[in-house]
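K.L.:
First the structure, then my questions, so here it is.
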Amino acid sequence: MPPGPTNRRESTRPRATARIQFAVWNLQFAVCSLLLAILGASAAGDPALAAGPSIAGVIAQVQPKIVKIYGAGGFRGMEAYQSGTLISPDGHILTVFSYVLDTESITVTLSDGRKFEAKLLGADPRLEVAVLKIEATDLPYFNLDEVELVEGGTRVLAFSNLFGVATGDEPASVQHGIVSVKTTLAARRGVFETPYRGPVYVLDAMTNNPGAAGGALVTRRGQLVAMLGKELRNALNNTWLNYAIPIEELRQSVGLIREGKFAPESPEEPAKPDRALTLQMLGIVLIPDVLERTPPYVDQVRSGSPAQKAGIQPDDLILLLDDRLIQSCKALRSELEYIDFEDPITLTVLRGQELFSLPLQVSAEHQEEAP
Amino acid sequence: MTAWTEDHRAKGDWPDFRAAKTGLSRSENAEFSPPKPPRPLPPLPTHLLIGFLVFAMLAAWGLPPCGGAAPADDLELLEQEAFRAAVDRVAPSVVRIETVGGLPRVGRVLFGTGPTTGLVVDKEGYIISSLFNFVNRPASILARLPDGELKPAKLVATDHHRMLVLLKVETDKPLPVPEIVPTTEMRVGQWTIAVGRTFEGNRPNTSVGILSALGRIWGKAIQTDAAVSPNNYGGPLIDIHGRVLGVIVPLSPQSAEEVAGYQWYDSGIGFAIDAEHILEILPRLKKGEDLYPGVIGVNLGGRNLYIGEPVIAACHPNSPAAKAGLKAGDRIEEIDGRKIRRAAEAKEQISRRYAGEKIRMVVLRDKTRIECEVELVPKLEPYEHAFLGILPMRTPGDQPGVTVRYVYPDSPAATAKIEPGDVLVSLAGKPIQDRDQMLQQISAMQPEEEVELGVRRGEQTRKITLKLARLPEDLPPGELPPARGEIEPGEGELPRVGTVELKVPEMKNEAWAYVPDGYHPDVPHGVVVWLHAPGGFDFKKFLPRWKSLCDDHDLILLAPKSADPKRWNPGEVTLVQKLLDQIQSTYTVDPARVVVHGHEGGGTLAYLVAFRNRELVRAAAVVDAPVAGRPPDNDPLHRLAIYLTTAKESRRADAIKRATDRLREMKIPVTVKDLGEKPRYLNDEELAELVRWIDMLDRI
C-alpha cells in the first residue's frame with residue numbers, strides 16, 4: 001500500500017528540502033535580477049529588444065499578467081497567499097481552488113503594486129481550479145484560447161509568488177527549467193493526494209513551493225502552457241513533485257465558471273461494482289499477509305476452482321492483474337474490489353524465472369461458493 | 001506505457017539510432033563500450049552547428065547567450081532540440097524497473113513501491129541500476145524492455161562501494177546498448193541531462209543541468225546540478241549528444257550507508273558513477289561477484305584530514321596494513337606512484353579502491369623508504385583492546401614513564417608482580433613518555449600477545465615479559481586509591497568554577513556545568529555529560545547528588561536541558577558537541593574520561609553522541625535505554641566503553657539485551673548493572689559505583 005497523506009506531516013525532511021529549494025530559488029532570483037538589470041539597461045535604448053523574444057523581453061511581457069493573491073490561512077504551516085494569472089482585460093483571474101480563497105476578503109496585488117478586492121466567481125473542485133474577478137479594465141492578460149501544448153524537454157519559465165517572498169509591491173518571481181515529462185496523475189489509485197486526475201507537466205525546477213500554486217508556466221516565447229499546481233507528494237517514491245496542469249484541461253471549466261453556468265460536481269471516484277470479485281471465488285489462497293507489503297505468493301489453489309482450471313499453482317507470485325502491476329497481497333485485494341465478479345481477468349504470475357499469463361473467469365457454479 | 005518504442009519508430013528517429021549502432025560490428029557493440037577512435041560523433045542537425053556558431057559569436061561579443069538578440073533565442077530553442085535528440089538517442093536503453101514486496105522503510109527513509117530506472121549495459125540483457133532502488137529488499141524485480149515486454153529480472157551482483165546493482169533479464173532479442181563518454185573527455189560546465197523512466201507515458205523523464213565536478217566522493221563519482229532523485233536514480237546522466245556520462249546514484253561524502261545522499265535529492269547536488277568505471281567492473285559483476293570498499297586498517301593521525309600529515313597513527317592488528325609490515329609512525333609517501341602530502345590524499349587514494357585490490361605504498365620510517373604491497377579486504381576482524389592490568393597515576397608534572405596507581409587482581413600485571421608505585425618505563429623496547437603515549441603504543445598490540453615491559457622500582461629497573469589480556473568488563477572490588485597527590489594551588493587567574501551557565505549560539509537550550517571549587521588548570525578533569533530523562537530538568541535539585549563525587553574525582557559535570565521538555569531531538573547531538581567544545585577550550589580536560597550519561601530518552605541521545613564523536617567521547621553510561629543507531633567499529637585509538645543497566649520489567653529489556661550482545665560481538669567492553677525488577681535511576685551507592693567505573697576508564 002502506498003503511504004497515505006499522514007506521511008507528509010510525519011516527515012520532517014520536506015521542510016528541509018523547502019529550505020534548500022528556497023536557497024536555490026534565491027540564487028536563481030539573484031541571477032534573474034542581474035540579467036534583468038543588464039538587459040533592462042540595453043533594452044531601454046532599443047524598444048525592439050524590449051518587445052523581442054529574449055528571456056528578458058518575455059519576462060517583461062508575462063510579468064504584468066501575474067498576480068499575487070492574499071486570503072485565509074497564516075497558521076500551522078498554511079500560508080495565507082497564492083498566485084494567479086490574469087485571463088481577461090477586465091480582471092478575470094485564474095488560480096487554484098484552496099483554503100486561501102475561503103474568506104470574504106480576498107486581496108489581489110497586480111505586478112505594478114495596485115491592490116484590489118477580489119470576488120470568487122466559482123470553482124471546479126475536481127480540477128482544483130477557481131476564477132476570481134477584480135474591478136479593473138485594460139489589463140494585460142493571457143487568452144485561454146491561445147495556449148501551447150508542449151512535450152518533455154521543452155524549456156519553460158514559471159511565474160509565481162513562491163514562499164510569499166514578493167512581500168511588497170514588486171512582481172512575482174521567475175524560475176527557469178524544462179518540462180521533465182508529460183504524464184498523468186491518474187494511473188494508480190492512492191498515489192497522489194489530489195482530486196485532479198489527468199495530464200500534468202512534471203518540471204525539473206523546484207517550482208511547487210508554498211504560495212506558488214496558481215502561477216503560470218509559459219514557454220520561452222511567453223506562450224501560456226499550464227497552471228502551477230499545489231504542493232504534492234508522489235507516494236510511489238516519496239518525493240515532492242513539481243508539476244503544472246495544462247490549460248487545455250482547465251479551459252472548459254474556466255469558461256463555464258466565467259459565464260456563471262458551472263454546476264459543481266463532487267470529485268469522481270471510480271465506481272465499485274455491487275458484487276466484486278474475491279480471491280475466494282477464484283479459489284486462490286495467498287500466503288499469510290503479515291508484512292506491510294507481503295508479496296502476493298499463492299499458498300493454495302482450491303481443487304476444481306477457476307484458478308486451478310486456469311493453471312495457477314502454489315508458489316506462483318502474482319505480478320499483474322490484467323495490465324496493472326500488483327505489488328502486495330493488500331494491493332491485489334483492493335484491485336479486485338473494482339472488478340465485477342462476472343468479468344474475465346488475466347493474472348500474470350512468476351514461476352521460477354518465467355512469466356505466465358493465465359485468463360480466468362468465475363462461472364455461475366463457482367460464485368455459489370462465495371460467502 | 002508499452003507503446004513508447006512504437007512511438008519512436010513511428011517518428012522515424014529510433015531506426016536512425018539503431019542503424020547508427022548496428023553499423024558497428026556485433027562484437028564491438030556487444031556491451032556498454034567506449035567509442036573506438038576516431039570517435040564517431042552522433043549525427044548532429046546542421047542547424048544546431050549553426051547555433052553553436054552563433055553562440056561562439058555572441059561569446060566573442062561578451063554577451064550572455066540569452067542576451068536580447070533574436071539569434072540567441074534561436075540558440076535556446078536549438079539547444080532544446082538538442083536536449084530532446086540526446087534523450088531520444090539514449091531512451092531505448094533506459095528501462096523502467098518494477099518491484100514487488102519489499103520493506104516500506106529503511107532507516108529513516110520511506111520507500112514507495114517504485115517504479116525505478118535502469119540502464120542497459122549489454123545486449124545480452126544486463127541492466128545496471130542504483131542500489132538505492134533495491135535496499136528495501138523486494139521479493140521480485142521486473143524490467144520493462146524497450147519493446148514494452150515485461151521480464152523478470154535477477155539481481156546478479158551488487159557494488160556496495162559505488163552503490164550499483166547489476167540485473168539480468170533473459171532475452172532473445174539484443175538490447176540496445178548506449179555509447180559512453182570516456183572520463184578524460186568530460187569537462188566541468190558541459191551540459192548534462194539526467195534521464196529516468198519512472199512516470200507513466202511514452203517518454204523518459206529528464207532534467208537538465210551542467211557537470212559540476214569530477215572525482216567527487218573520494219574519487220568515486222561525477223557531480224551534476226541537474227535535478228536527481230528517486231525519479232531517476234539508476235538512470236543515465238548523458239551529454240548533449242546522448243552519450244552516457246554515468247549512472248545516477250545517491251551518495252554522501254560523510255556516510256557509506258545504503259540510503260546516504262537521498263536527503264540531497266533535487267537540491268542541485270547530484271552524483272553519478274562514471275560510465276568508464278562501470279565498464280571496468282562489469283566483467284566482475286557479470287560473474288556474480290559482489291564488490292565492497294577496500295579496507296586497509298590504519299588510522300591516520302590528526303583530527304583534520306585536510307591539514308594533517310599522512311602519518312599512520314595506528315595499525316589494526318591482523319589488518320592488511322599490519323600484514324604488509326606497516327607500523328604506527330610510518331609516514332605515507334606514495335600510493336601507486338602518486339605523491340601523498342596530506343592525510344586526505346591518502347584517504348582518497350585508498351577509499352576509491354575495492355576489496356581484493358592491491359596497492360603499492362611507499363612509507364618513510366626513520367628516514368628509510370620502505371616499499372610494500374597491501375591487499376585491501378572488505379572488512380576487518382573486530383579490533384579488541386589489549387590490557388596490562390593497571391591504572392596509572394594522574395599526578396601532573398610527573399617524571400617520564402607511567403606510575404602505577406592500582407593493579408587489577410588476576411591481571412597480567414598482577415601475575416608479573418607489578419605493584420602500586422612502580423614506574424613503567426619501556427614497552428617493547430620503546431621508552432614510555434606518559435599515559436597517552438603508552439595507550440597509543442599498546443593500541444597496536446592484541447590480547448594474548450607477549451610483550452616486554454621495563455619496570456622501575458626504587459633505583460632498580462627490570463625487564464619482564466608478560467602476556468596481554470582483554471579489557472575487563474567488571475569493576476574491581478572496593479575503593480580505588482587516589483589518582484594523584486596533593487598539589488599546590490595554582491597562581492594567576494582561574495576560569496570560573498562552581499555552577500556555570502552555558503549557552504550555544506543559535507540554540508535555545510539551557511545548559512549548566514559544575515566545575516569543582518578546587519579546580520586546578522594543571523589537573524586534567526574528566527567530563528560527565530548528563531542527559532536527563534524526558535519530563536524536564538532542574539539543575540539546582542540535581543547537582544547535590546553529584547557535587548562531592550565531582551570534587552573527589554576531578555570531574556566536571558555538564559548538563560544541558562532538552563529544547564522540548566518532552567523529548568530529546570537527534571539534532572541535539574550537535575548541542576552536546578558544541579558544549580563539550582566550550583568546556584574543552586576553557587578547562588583542562590582528560591581525554592580518556594569524557595563520558596556521556598543519560599536516562600531513558602537521554603540515554604538514547606547519549607549513545608548517538610558517543611557513536612558519532614569517536615575522537616571526543618570515551619564512554620557512554622546509559623540507564624534504561626536501547627542502543628540508538630549503528631555502533632561504530634571498535635577503534636584502536638578511540639576507545640569506547642559502555643555501562644548500561646537492565647531491569648526485568650523494563651519494556652526495553654529485550655532491546656537492551658540484543659544491544660549488549662551486538663556490542664560485545666564488536667569487542668566493545670560492556671559493563672552491565674542489574675537493577676532488579678523495576679527500571680529506575682541509580683541510587684547513591686550505584687552512582688558512586690558508576691563514578692568508580694568512570695575513574696578507571698584510563699586503565700592500561
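Residues in the C-alpha cells are numbered from 1 in each chain, the chains being A, B, ... in the order shown, and ligands are numbered from 1 in the order shown.
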What are the residues of chain B that have an atom within 6 Å of an atom of chain A, counting only C-alpha atoms, as JSON, numbers by chain?

P.N.:
{"B": [68, 73, 84, 100, 101, 111, 112, 113, 114, 200, 201, 205, 206, 207]}

K.L.:
Please produce a file of those selected residues containing C-alpha atoms, as a compact mmCIF listing (two decimals), in the first residue's frame.

P.N.:
```txt
# COMPACT_ATOMS: atom_id res chain seq x y z
CA GLY B 68 18.49 40.05 -26.28
CA ASP B 73 16.71 32.97 -28.79
CA ARG B 84 15.41 16.15 -26.91
CA VAL B 100 7.08 -6.46 -5.77
CA GLY B 101 7.04 -6.59 -1.98
CA PHE B 111 10.16 3.65 0.39
CA GLY B 112 7.33 3.78 -2.09
CA THR B 113 6.63 0.95 -4.47
CA GLY B 114 8.52 2.49 -7.37
CA GLU B 200 3.56 6.89 -16.83
CA GLY B 201 3.85 7.75 -20.52
CA ASN B 205 11.58 11.98 -17.56
CA THR B 206 14.50 14.34 -17.89
CA SER B 207 16.17 17.19 -16.10
```

K.L.:
So how many Å separate atom CA of B:Leu424 and atom CA of B:Lys467, to one decimal?

P.N.:
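Calculated distance between atom CA of B:Leu424 and atom CA of B:Lys467 is 15.6 Å.
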
K.L.:
Neighbouring residues of A:Val301 were defined as those with any atom within 8 Å, considering only C-alpha atoms; residues of the same chain fewer than 2 positions away were excluded. Please report them as a ChimeraX atom specification.

P.N.:
/A:283-285,298-299,303,305,307-308,312-314

K.L.:
Taking into account only C-alpha atoms, which residue in the set A:Leu86, A:Ile257, A:Met227, A:Ile66 is nearest to A:Val174?

P.N.:
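Among the listed residues, A:Ile66 lies closest to A:Val174.
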
K.L.:
So that I can see what lies close to A:Lys230, please list as a list in words the residues with an atom at most 8 Å from it, counting only C-alpha atoms and leaving out residues fewer than 5 positions away in the same chain.

P.N.:
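Near neighbours after the sequence-gap exclusion: Val96, Asn208, Asn209, Pro210, Ala212, Ala213 and Gly214 of chain A.
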
K.L.:
With distances taken over only C-alpha atoms, which residue among B:Phe134, B:Ala226, B:Ile217, B:Pro505 lies nearest B:Leu251?

P.N.:
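Looking only at the distances to B:Leu251, the closest residue turns out to be B:Ile217.
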
K.L.:
Do you know which residues are at most 8 Å from A:Gln361 counting only C-alpha atoms, after dropping those on the same chain fewer than 3 positions away, and could you put them as a list in words?

P.N.:
Leu282, Pro306, Glu342, Asp343, Pro344 and Ile345 of chain A

K.L.:
Mind listing the alpha helix (DSSP H) residues of stretch 96-328 of chain A, per DSSP on the backbone, as a PyMOL selection string?

P.N.:
chain A and resi 247-259+279-282+306-310

K.L.:
Return the single residue from B:Gly492, B:Gly401, B:Gly297, B:Gly268 that is closest to B:Leu637, with distances computed using only C-alpha atoms.

P.N.:
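The answer is B:Gly297, which sits nearest to B:Leu637.
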
K.L.:
Which residues come within 12 Å of B:Val121, counting only C-alpha atoms, excluding same-chain residues fewer than 5 positions away, as a ChimeraX atom specification?

P.N.:
/B:29-34,90,92-95,126-129,165-169,174-180,234-236,244,246-247,275-276,278-283,285-286

K.L.:
In Å to one decimal, how far is atom CA of A:Glu249 from atom CA of A:Gly198?

P.N.:
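About the pair atom CA of A:Gly198 and atom CA of A:Glu249: they are 7.8 Å apart.
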
K.L.:
List the neighbours of stretch 408-420 of chain B out to 10 Å using only C-alpha atoms; skip same-chain residues closer than 5 positions along the sequence, and give me the result as a list of chain:residue names.

P.N.:
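Everything that qualifies: B:Phe387, B:Leu388, B:Gly389, B:Ile390, B:Leu391, B:Pro392, B:Met393, B:Thr403, B:Leu453, B:Val455, B:Arg456, B:Arg457, B:Ile464, B:Thr465, B:Leu466, B:Lys467, B:Leu468, B:Ala469, B:Arg470, B:Leu471, B:Pro472, B:Leu475, B:Pro476, B:Pro477, B:Pro481, B:Arg699, B:Ile700.
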